[in-house]
$ cat entry25.txt   # compact mmCIF, N, CA and C atoms
# COMPACT_ATOMS: atom_id res chain seq x y z
N MET A 408 0.81 -1.19 0.00
CA MET A 408 0.00 0.00 0.00
C MET A 408 0.86 1.26 0.00
N GLY A 409 2.15 1.14 0.20
CA GLY A 409 3.01 2.30 0.26
C GLY A 409 3.23 2.96 -1.09
N ASN A 410 2.88 2.29 -2.18
CA ASN A 410 3.13 2.86 -3.50
C ASN A 410 1.92 3.62 -4.06
N LEU A 411 0.91 3.83 -3.28
CA LEU A 411 -0.26 4.56 -3.76
C LEU A 411 0.02 6.06 -3.74
N ARG A 412 -0.35 6.70 -4.81
CA ARG A 412 -0.17 8.14 -4.91
C ARG A 412 -1.54 8.80 -4.95
N PRO A 413 -1.61 10.04 -4.51
CA PRO A 413 -2.91 10.72 -4.61
C PRO A 413 -3.29 10.92 -6.07
N ALA A 414 -4.56 10.89 -6.33
CA ALA A 414 -5.05 11.11 -7.70
C ALA A 414 -4.77 12.55 -8.11
N PRO A 415 -4.46 12.76 -9.38
CA PRO A 415 -4.24 14.13 -9.84
C PRO A 415 -5.52 14.94 -9.72
N ALA A 416 -5.36 16.23 -9.62
CA ALA A 416 -6.52 17.11 -9.52
C ALA A 416 -7.36 16.99 -10.80
N ALA A 417 -8.65 17.05 -10.62
CA ALA A 417 -9.55 16.96 -11.77
C ALA A 417 -9.35 18.18 -12.66
N LEU A 418 -9.31 17.95 -13.96
CA LEU A 418 -9.15 19.07 -14.89
C LEU A 418 -10.52 19.66 -15.19
N THR A 419 -10.96 20.49 -14.31
CA THR A 419 -12.24 21.16 -14.49
C THR A 419 -12.05 22.32 -15.46
N PRO A 420 -13.11 22.78 -16.10
CA PRO A 420 -12.96 23.92 -17.03
C PRO A 420 -12.28 25.14 -16.39
N PRO A 421 -12.61 25.52 -15.15
CA PRO A 421 -11.90 26.68 -14.57
C PRO A 421 -10.40 26.42 -14.41
N ARG A 422 -10.02 25.20 -14.05
CA ARG A 422 -8.59 24.89 -13.91
C ARG A 422 -7.88 24.93 -15.25
N VAL A 423 -8.53 24.42 -16.28
CA VAL A 423 -7.94 24.47 -17.62
C VAL A 423 -7.79 25.92 -18.06
N ASP A 424 -8.80 26.74 -17.81
CA ASP A 424 -8.72 28.16 -18.16
C ASP A 424 -7.56 28.84 -17.45
N ARG A 425 -7.40 28.57 -16.15
CA ARG A 425 -6.30 29.19 -15.40
C ARG A 425 -4.95 28.73 -15.93
N LEU A 426 -4.85 27.46 -16.30
CA LEU A 426 -3.60 26.94 -16.86
C LEU A 426 -3.28 27.63 -18.18
N LEU A 427 -4.27 27.78 -19.04
CA LEU A 427 -4.03 28.44 -20.33
C LEU A 427 -3.65 29.90 -20.15
N VAL A 428 -4.28 30.58 -19.20
CA VAL A 428 -3.93 31.97 -18.92
C VAL A 428 -2.49 32.06 -18.43
N ALA A 429 -2.10 31.14 -17.56
CA ALA A 429 -0.72 31.15 -17.05
C ALA A 429 0.28 30.90 -18.17
N LEU A 430 -0.01 29.96 -19.05
CA LEU A 430 0.89 29.69 -20.18
C LEU A 430 0.96 30.89 -21.12
N ASP A 431 -0.19 31.49 -21.41
CA ASP A 431 -0.21 32.68 -22.27
C ASP A 431 0.62 33.80 -21.69
N ALA A 432 0.48 34.04 -20.39
CA ALA A 432 1.21 35.12 -19.75
C ALA A 432 2.71 34.87 -19.82
N ARG A 433 3.11 33.63 -19.67
CA ARG A 433 4.54 33.30 -19.70
C ARG A 433 5.11 33.50 -21.10
N ASP A 434 4.35 33.14 -22.13
CA ASP A 434 4.85 33.21 -23.50
C ASP A 434 4.59 34.54 -24.19
N GLY A 435 3.73 35.37 -23.63
CA GLY A 435 3.41 36.64 -24.26
C GLY A 435 2.40 36.53 -25.37
N LEU A 436 1.67 35.44 -25.44
CA LEU A 436 0.73 35.26 -26.54
C LEU A 436 -0.40 36.29 -26.55
N PRO A 437 -0.91 36.73 -25.40
CA PRO A 437 -1.95 37.76 -25.47
C PRO A 437 -1.46 39.02 -26.19
N ILE A 438 -0.20 39.35 -26.01
CA ILE A 438 0.35 40.52 -26.68
C ILE A 438 0.36 40.30 -28.19
N LEU A 439 0.71 39.10 -28.62
CA LEU A 439 0.73 38.80 -30.06
C LEU A 439 -0.68 38.90 -30.64
N ARG A 440 -1.68 38.44 -29.89
CA ARG A 440 -3.06 38.56 -30.36
C ARG A 440 -3.47 40.03 -30.42
N THR A 441 -3.04 40.82 -29.44
CA THR A 441 -3.37 42.25 -29.41
C THR A 441 -2.78 42.98 -30.61
N LEU A 442 -1.63 42.52 -31.07
CA LEU A 442 -1.00 43.13 -32.24
C LEU A 442 -1.76 42.82 -33.52
N GLY A 443 -2.73 41.92 -33.44
CA GLY A 443 -3.53 41.60 -34.60
C GLY A 443 -2.99 40.46 -35.45
N LEU A 444 -2.03 39.72 -34.91
CA LEU A 444 -1.49 38.58 -35.67
C LEU A 444 -2.52 37.47 -35.76
N THR A 445 -2.50 36.78 -36.88
CA THR A 445 -3.43 35.66 -37.07
C THR A 445 -2.93 34.44 -36.29
N ALA A 446 -3.79 33.46 -36.15
CA ALA A 446 -3.41 32.23 -35.47
C ALA A 446 -2.25 31.55 -36.19
N GLU A 447 -2.24 31.62 -37.51
CA GLU A 447 -1.16 31.01 -38.28
C GLU A 447 0.17 31.73 -38.03
N GLU A 448 0.12 33.04 -37.96
CA GLU A 448 1.33 33.82 -37.69
C GLU A 448 1.86 33.54 -36.28
N ILE A 449 0.95 33.46 -35.33
CA ILE A 449 1.35 33.15 -33.96
C ILE A 449 1.95 31.75 -33.89
N ALA A 450 1.36 30.81 -34.62
CA ALA A 450 1.89 29.44 -34.63
C ALA A 450 3.29 29.41 -35.25
N ALA A 451 3.50 30.19 -36.31
CA ALA A 451 4.82 30.24 -36.95
C ALA A 451 5.85 30.82 -35.98
N ILE A 452 5.47 31.87 -35.26
CA ILE A 452 6.38 32.45 -34.27
C ILE A 452 6.68 31.42 -33.18
N GLY A 453 5.66 30.65 -32.78
CA GLY A 453 5.87 29.61 -31.78
C GLY A 453 6.84 28.55 -32.25
N ARG A 454 6.74 28.15 -33.52
CA ARG A 454 7.66 27.14 -34.06
C ARG A 454 9.10 27.65 -34.06
N ILE A 455 9.27 28.89 -34.50
CA ILE A 455 10.62 29.48 -34.51
C ILE A 455 11.17 29.55 -33.09
N ALA A 456 10.33 29.97 -32.16
CA ALA A 456 10.77 30.10 -30.76
C ALA A 456 11.20 28.74 -30.19
N ARG A 457 10.43 27.70 -30.48
CA ARG A 457 10.79 26.36 -29.97
C ARG A 457 12.12 25.90 -30.56
N LYS A 458 12.33 26.14 -31.85
CA LYS A 458 13.59 25.75 -32.48
C LYS A 458 14.78 26.46 -31.85
N ARG A 459 14.59 27.71 -31.47
CA ARG A 459 15.67 28.51 -30.90
C ARG A 459 15.76 28.42 -29.39
N GLY A 460 14.73 27.84 -28.77
CA GLY A 460 14.73 27.71 -27.32
C GLY A 460 14.47 29.02 -26.57
N VAL A 461 13.67 29.88 -27.18
CA VAL A 461 13.33 31.16 -26.55
C VAL A 461 11.81 31.30 -26.49
N ARG A 462 11.35 32.37 -25.85
CA ARG A 462 9.92 32.62 -25.75
C ARG A 462 9.40 33.22 -27.05
N PRO A 463 8.15 32.92 -27.41
CA PRO A 463 7.58 33.51 -28.62
C PRO A 463 7.61 35.04 -28.62
N ILE A 464 7.43 35.65 -27.45
CA ILE A 464 7.44 37.11 -27.40
C ILE A 464 8.82 37.66 -27.77
N ASP A 465 9.88 36.91 -27.49
CA ASP A 465 11.23 37.34 -27.87
C ASP A 465 11.39 37.34 -29.39
N ILE A 466 10.85 36.32 -30.04
CA ILE A 466 10.90 36.26 -31.51
C ILE A 466 10.09 37.40 -32.11
N ALA A 467 8.89 37.64 -31.56
CA ALA A 467 8.05 38.71 -32.08
C ALA A 467 8.74 40.07 -31.94
N ALA A 468 9.40 40.30 -30.82
CA ALA A 468 10.11 41.56 -30.62
C ALA A 468 11.24 41.72 -31.63
N THR A 469 11.97 40.65 -31.89
CA THR A 469 13.06 40.69 -32.87
C THR A 469 12.51 40.99 -34.26
N LEU A 470 11.41 40.35 -34.63
CA LEU A 470 10.81 40.59 -35.94
C LEU A 470 10.30 42.02 -36.06
N LEU A 471 9.71 42.53 -34.99
CA LEU A 471 9.20 43.90 -35.01
C LEU A 471 10.34 44.90 -35.16
N ARG A 472 11.44 44.68 -34.43
CA ARG A 472 12.60 45.56 -34.55
C ARG A 472 13.15 45.56 -35.98
N ALA A 473 13.25 44.37 -36.56
CA ALA A 473 13.77 44.25 -37.93
C ALA A 473 12.85 44.97 -38.91
N ALA A 474 11.55 44.85 -38.73
CA ALA A 474 10.60 45.52 -39.62
C ALA A 474 10.70 47.04 -39.48
N LEU A 475 10.82 47.52 -38.24
CA LEU A 475 10.96 48.97 -38.04
C LEU A 475 12.23 49.50 -38.68
N GLU A 476 13.32 48.78 -38.54
CA GLU A 476 14.58 49.21 -39.16
C GLU A 476 14.47 49.25 -40.67
N ALA A 477 13.79 48.26 -41.25
CA ALA A 477 13.62 48.23 -42.70
C ALA A 477 12.77 49.40 -43.18
N VAL A 478 11.73 49.73 -42.45
CA VAL A 478 10.88 50.86 -42.82
C VAL A 478 11.66 52.17 -42.71
N GLU A 479 12.43 52.31 -41.65
CA GLU A 479 13.22 53.53 -41.48
C GLU A 479 14.26 53.68 -42.60
N ARG A 480 14.89 52.57 -42.98
CA ARG A 480 15.88 52.64 -44.08
C ARG A 480 15.22 53.00 -45.41
N ALA A 481 14.01 52.52 -45.59
CA ALA A 481 13.31 52.78 -46.86
C ALA A 481 12.84 54.23 -46.96
N GLY A 482 12.81 54.91 -45.82
CA GLY A 482 12.48 56.33 -45.83
C GLY A 482 11.06 56.57 -45.62
$ encode --input "entry25.txt" --output "structure tokens"
Amino acid sequence: MGNLRPAPAALTPPRVDRLLVALDARDGLPILRTLGLTAEEIAAIGRIARKRGVRPIDIAATLLRAALEAVERAG
């Protein structure tokens, strides 16, 4: 009987919602949605971030900086 573990907490809808909010806050995804990016664009940023081992918000900031520099150079 010593190997019995407590059952995991039930994944109720409020718990799932809180988990998703916590993950979003960590990755900066609400900010990406606020910028008006599509789900496909956010997914692409997520893939790049996973490959590089960084947060999606870091990739988005780098892309935004590069775009601003290109616009400034173009005049």
$ atom_distance --input "entry25.txt" --atom1 "atom CA of A:Pro463" --atom2 "atom N of A:Glu447"
13.4 Å
$ closest_residue --input "entry25.txt" --among "A:Arg454, A:Glu476, A:Arg462, A:Gly482" --to "A:Gly435" --atoms "only N, CA and C atoms"
A:Arg462
$ select_by_dssp --input "entry25.txt" --residues "chain A" --states "alpha helix (DSSP H)" --output "ChimeraX atom specification"
/A:420-434,436-441,446-459,463-481
$ atom_distance --input "entry25.txt" --atom1 "atom CA of A:Ile464" --atom2 "atom C of A:Ile452"
8.1 Å
$ residues_around --input "entry25.txt" --residues "stretch 466-474 of chain A" --least-positions-apart "3" --cutoff "8 Å" --atoms "all atoms listed in the file" --output "VMD selection string"
chain A and resid 439 452 to 453 455 to 456 461 to 463 477 to 480
$ atom_distance --input "entry25.txt" --atom1 "atom N of A:Thr441" --atom2 "atom C of A:Val423"
19.3 Å
$ axis_aligned_box --input "entry25.txt" --around "stretch 459-475 of chain A" --padding-each-side "3 Å" --output "JSON"
{"center_x": 11.6, "center_y": 38.6, "center_z": -32.7, "size_x": 14.3, "size_y": 27.8, "size_z": 19.9}
